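*Asks:* First the structure, then my questions, so here it is.
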Amino acid sequence: NAGVTQTPKFRILKIGQSMTLQCTQDMNHNYMYWYRQDPGMGLKLIYYSVGAGITDKGEVPNGYNVSRSTTEDFPLRLELAAPSQTSVYFCASNYGMNTEAFFGQGTRLTVV
Amino acid sequence: GENVEQHPSTLSVQEGDSAVIKCTYSDSASNYFPWYKQELGKRPQLIIDIRSNVGEKKDQRIAVTLNKTAKHFSLHITETQPEDSAVYFCAASYGTGNQFYFGTGTSLTVIP
(Lines give C-alpha, C1' and ligand atoms only; values in the text may rest on other atoms or scores of the structure.)
Protein backbone atom coordinates (compact mmCIF):
# COMPACT_ATOMS: atom_id res chain seq x y z
CA ASN A 1 0.00 0.00 0.00
CA ALA A 2 1.27 3.44 -0.91
CA GLY A 3 -1.22 5.09 1.48
CA VAL A 4 -2.09 8.70 0.62
CA THR A 5 -0.09 10.17 -2.25
CA GLN A 6 0.01 13.85 -3.16
CA THR A 7 1.50 15.52 -6.19
CA PRO A 8 3.35 17.76 -6.72
CA LYS A 9 5.53 18.15 -3.62
CA PHE A 10 6.50 21.73 -4.44
CA ARG A 11 5.05 24.35 -6.76
CA ILE A 12 5.49 28.05 -7.43
CA LEU A 13 2.55 29.84 -9.01
CA LYS A 14 2.18 33.37 -10.25
CA ILE A 15 -0.76 35.45 -9.06
CA GLY A 16 -3.83 34.65 -11.13
CA GLN A 17 -2.65 31.25 -12.32
CA SER A 18 -4.59 28.07 -11.64
CA MET A 19 -3.52 24.60 -10.68
CA THR A 20 -4.76 21.27 -9.38
CA LEU A 21 -3.26 19.48 -6.42
CA GLN A 22 -3.64 15.76 -6.84
CA CYS A 23 -4.46 13.33 -4.03
CA THR A 24 -5.01 9.61 -4.30
CA GLN A 25 -5.35 6.86 -1.72
CA ASP A 26 -5.25 3.10 -2.15
CA MET A 27 -6.77 2.11 1.20
CA ASN A 28 -10.42 2.12 0.05
CA HIS A 29 -11.16 4.93 2.50
CA ASN A 30 -14.56 6.60 2.39
CA TYR A 31 -13.59 9.92 3.92
CA MET A 32 -11.10 12.31 2.41
CA TYR A 33 -10.00 15.79 3.44
CA TRP A 34 -7.93 18.75 2.34
CA TYR A 35 -6.14 20.87 4.90
CA ARG A 36 -3.85 23.84 4.67
CA GLN A 37 -1.15 24.46 7.22
CA ASP A 38 0.18 27.94 7.89
CA PRO A 39 2.97 28.60 10.42
CA GLY A 40 1.62 28.72 13.96
CA MET A 41 -1.95 28.18 12.78
CA GLY A 42 -2.40 24.45 12.86
CA LEU A 43 -4.32 22.70 10.11
CA LYS A 44 -7.41 24.30 8.67
CA LEU A 45 -10.02 22.20 6.88
CA ILE A 46 -10.67 23.36 3.30
CA TYR A 47 -13.02 20.69 1.92
CA TYR A 48 -14.01 17.16 2.77
CA SER A 49 -15.79 14.23 1.20
CA VAL A 50 -17.70 11.33 2.74
CA GLY A 51 -17.68 9.28 -0.44
CA ALA A 52 -17.57 9.38 -4.22
CA GLY A 53 -19.82 12.11 -5.58
CA ILE A 54 -20.20 13.90 -2.24
CA THR A 55 -18.18 16.93 -1.15
CA ASP A 56 -18.70 19.71 1.36
CA LYS A 57 -17.03 22.90 2.55
CA GLY A 58 -14.80 23.07 5.57
CA GLU A 59 -13.55 26.08 7.53
CA VAL A 60 -11.69 27.90 4.73
CA PRO A 61 -13.14 26.94 1.30
CA ASN A 62 -12.93 30.30 -0.49
CA GLY A 63 -10.71 30.19 -3.55
CA TYR A 64 -10.76 26.41 -3.83
CA ASN A 65 -12.83 23.71 -5.44
CA VAL A 66 -12.85 19.93 -5.20
CA SER A 67 -14.37 16.91 -6.88
CA ARG A 68 -14.67 13.26 -5.90
CA SER A 69 -15.51 11.18 -8.94
CA THR A 70 -13.90 8.01 -7.56
CA THR A 71 -13.21 6.61 -4.10
CA GLU A 72 -9.47 6.90 -4.67
CA ASP A 73 -9.04 10.46 -5.93
CA PHE A 74 -9.79 13.84 -4.38
CA PRO A 75 -8.17 16.68 -6.36
CA LEU A 76 -8.08 20.25 -5.06
CA ARG A 77 -8.39 23.02 -7.61
CA LEU A 78 -7.05 26.54 -7.08
CA GLU A 79 -8.51 29.15 -9.39
CA LEU A 80 -6.90 32.60 -9.69
CA ALA A 81 -4.10 31.98 -7.20
CA ALA A 82 -3.47 34.69 -4.60
CA PRO A 83 -0.51 35.24 -2.22
CA SER A 84 -2.82 34.34 0.68
CA GLN A 85 -2.91 30.79 -0.70
CA THR A 86 0.80 30.32 -0.04
CA SER A 87 0.80 27.40 2.36
CA VAL A 88 1.49 23.71 2.83
CA TYR A 89 -1.44 21.57 1.71
CA PHE A 90 -2.18 18.17 3.16
CA CYS A 91 -4.61 15.58 1.91
CA ALA A 92 -5.86 13.00 4.39
CA SER A 93 -8.20 10.04 4.44
CA ASN A 94 -9.80 7.60 6.84
CA TYR A 95 -12.07 4.63 6.59
CA GLY A 96 -14.96 5.57 8.82
CA MET A 97 -16.19 7.57 11.75
CA ASN A 98 -13.76 8.03 14.62
CA THR A 99 -10.84 6.26 12.97
CA GLU A 100 -7.26 7.29 12.33
CA ALA A 101 -6.71 9.77 9.52
CA PHE A 102 -3.69 9.16 7.31
CA PHE A 103 -1.95 12.11 5.72
CA GLY A 104 -0.15 12.56 2.44
CA GLN A 105 3.36 14.01 2.40
CA GLY A 106 2.13 17.51 1.66
CA THR A 107 2.43 20.04 -1.16
CA ARG A 108 4.33 23.25 -0.50
CA LEU A 109 2.75 25.98 -2.63
CA THR A 110 4.14 29.47 -3.06
CA VAL A 111 2.17 32.16 -4.90
CA VAL A 112 4.26 35.11 -6.09
CA GLY B 1 -18.44 24.42 13.87
CA GLU B 2 -15.95 23.09 16.37
CA ASN B 3 -13.24 25.28 17.98
CA VAL B 4 -10.19 23.57 19.46
CA GLU B 5 -7.74 25.51 21.62
CA GLN B 6 -4.33 24.14 22.54
CA HIS B 7 -1.78 25.19 25.17
CA PRO B 8 1.07 25.83 25.49
CA SER B 9 2.31 26.82 22.05
CA THR B 10 5.90 25.98 23.00
CA LEU B 11 7.26 23.67 25.67
CA SER B 12 10.84 22.86 26.66
CA VAL B 13 11.65 20.05 29.06
CA GLN B 14 14.77 18.28 30.23
CA GLU B 15 15.29 14.76 28.99
CA GLY B 16 13.57 12.34 31.35
CA ASP B 17 11.01 14.86 32.57
CA SER B 18 7.31 14.74 31.74
CA ALA B 19 5.47 16.95 29.25
CA VAL B 20 1.78 17.85 29.34
CA ILE B 21 -0.20 19.48 26.55
CA LYS B 22 -3.79 20.59 27.06
CA CYS B 23 -6.68 21.13 24.66
CA THR B 24 -10.24 22.32 24.99
CA TYR B 25 -13.08 21.94 22.51
CA SER B 26 -16.34 23.79 22.13
CA ASP B 27 -18.90 21.35 20.75
CA SER B 28 -20.23 18.65 23.04
CA ALA B 29 -21.09 16.55 19.96
CA SER B 30 -17.39 15.89 19.30
CA ASN B 31 -16.66 12.27 20.13
CA TYR B 32 -13.17 11.37 18.90
CA PHE B 33 -9.95 13.04 19.96
CA PRO B 34 -6.70 12.10 18.20
CA TRP B 35 -3.22 13.44 18.83
CA TYR B 36 -0.76 13.85 15.97
CA LYS B 37 2.99 14.31 15.98
CA GLN B 38 4.63 16.25 13.17
CA GLU B 39 8.37 16.33 12.71
CA LEU B 40 9.93 19.15 10.72
CA GLY B 41 9.05 18.88 7.05
CA LYS B 42 7.05 15.68 7.56
CA ARG B 43 3.41 14.74 7.53
CA PRO B 44 1.36 14.53 10.77
CA GLN B 45 1.19 11.02 12.20
CA LEU B 46 -1.17 9.66 14.82
CA ILE B 47 0.40 8.85 18.17
CA ILE B 48 -2.67 8.15 20.29
CA ASP B 49 -6.41 8.70 20.22
CA ILE B 50 -9.34 8.50 22.60
CA ARG B 51 -13.07 8.10 22.07
CA SER B 52 -15.71 9.87 24.08
CA ASN B 53 -16.78 6.78 26.02
CA VAL B 54 -13.29 6.43 27.55
CA GLY B 55 -11.71 8.67 30.17
CA GLU B 56 -8.09 7.66 29.83
CA LYS B 57 -5.85 5.69 27.48
CA LYS B 58 -2.20 4.80 27.77
CA ASP B 59 0.38 3.50 25.30
CA GLN B 60 3.82 3.03 26.83
CA ARG B 61 5.15 6.53 27.64
CA ILE B 62 2.15 8.32 26.18
CA ALA B 63 -1.25 8.81 27.79
CA VAL B 64 -4.33 10.84 27.00
CA THR B 65 -7.10 11.88 29.39
CA LEU B 66 -10.54 13.18 28.48
CA ASN B 67 -12.97 15.16 30.62
CA LYS B 68 -16.21 15.40 28.65
CA THR B 69 -17.97 17.50 31.24
CA ALA B 70 -15.29 20.17 31.12
CA LYS B 71 -14.66 19.60 27.38
CA HIS B 72 -10.94 19.24 27.70
CA PHE B 73 -8.36 16.56 26.98
CA SER B 74 -4.65 16.30 27.62
CA LEU B 75 -1.58 14.52 26.32
CA HIS B 76 0.98 13.27 28.81
CA ILE B 77 4.46 12.14 27.76
CA THR B 78 6.62 10.61 30.47
CA GLU B 79 10.37 9.99 30.48
CA THR B 80 10.82 12.31 27.51
CA GLN B 81 13.58 11.61 25.00
CA PRO B 82 15.21 13.88 22.41
CA GLU B 83 13.33 12.06 19.64
CA ASP B 84 10.07 13.28 21.20
CA SER B 85 10.98 16.78 19.98
CA ALA B 86 8.33 17.74 17.40
CA VAL B 87 5.11 19.67 16.99
CA TYR B 88 2.07 18.00 18.54
CA PHE B 89 -1.49 18.67 17.43
CA CYS B 90 -4.71 17.78 19.16
CA ALA B 91 -7.93 17.41 17.19
CA ALA B 92 -11.62 16.85 17.71
CA SER B 93 -13.82 14.95 15.30
CA TYR B 94 -17.21 16.43 14.72
CA GLY B 95 -20.18 16.18 12.37
CA THR B 96 -21.63 13.74 9.89
CA GLY B 97 -18.62 14.29 7.67
CA ASN B 98 -16.31 13.11 10.43
CA GLN B 99 -14.42 16.38 10.10
CA PHE B 100 -11.27 16.84 12.15
CA TYR B 101 -10.68 20.25 13.71
CA PHE B 102 -7.14 20.84 14.89
CA GLY B 103 -5.55 22.88 17.63
CA THR B 104 -2.77 25.30 16.72
CA GLY B 105 0.01 22.96 17.81
CA THR B 106 2.63 22.71 20.57
CA SER B 107 6.30 22.77 19.69
CA LEU B 108 7.99 20.42 22.16
CA THR B 109 11.75 20.54 22.66
CA VAL B 110 13.44 17.91 24.78
CA ILE B 111 16.83 19.10 25.99
CA PRO B 112 19.44 16.34 26.35
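Chain labels A, B, ... are given in the sequence in which chains occur in the C-alpha coordinates; within each chain residues are numbered consecutively from 1, and ligands are likewise numbered from 1 in the order shown.
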Near chain B, which residues of chain A fall within 6 Å when you count only C-alpha atoms, and what do they look like as a list of chain:residue names?
*Replies:* A:Met41, A:Gly42, A:Leu43, A:Val50, A:Met97, A:Asn98, A:Gln105
*Asks:* Determine, counting only C-alpha atoms, which protein, DNA and RNA residues have an atom within 9 Å of an atom of stretch 74-80 of chain B; residues of the same chain fewer than 4 positions away are not included. Present the result as a VMD selection string.
*Replies:* chain B and resid 13 to 24 35 48 60 to 67 84 to 85 90 110
*Asks:* Considering only C-alpha atoms, can you say which of B:Pro82, B:Pro8, B:Thr69, B:Thr109 comes closest to B:Ser28?
*Replies:*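 Closest to B:Ser28 of all the choices is B:Thr69.
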*Asks:* Where does DSSP see strand (DSSP E) in stretch 31-110 of chain A, if you list the residues as an NGL selection string?
*Replies:* :A and (31-37 or 43-51 or 54-57 or 64-66 or 76-78 or 87-94 or 102-103 or 107-110)
*Asks:* Please indicate the distance in Å from atom CA of A:Gly58 to atom CA of A:Asn1, rounded to one decimal place.
*Replies:*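 Taking atom CA of A:Gly58 as the start and atom CA of A:Asn1 as the end point, the length is 28.0 Å.
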*Asks:* To one decimal place in Å, what is the distance between atom CA of A:Lys9 and atom CA of A:Leu109?
*Replies:*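 Going from atom CA of A:Lys9 over to atom CA of A:Leu109 covers 8.4 Å.
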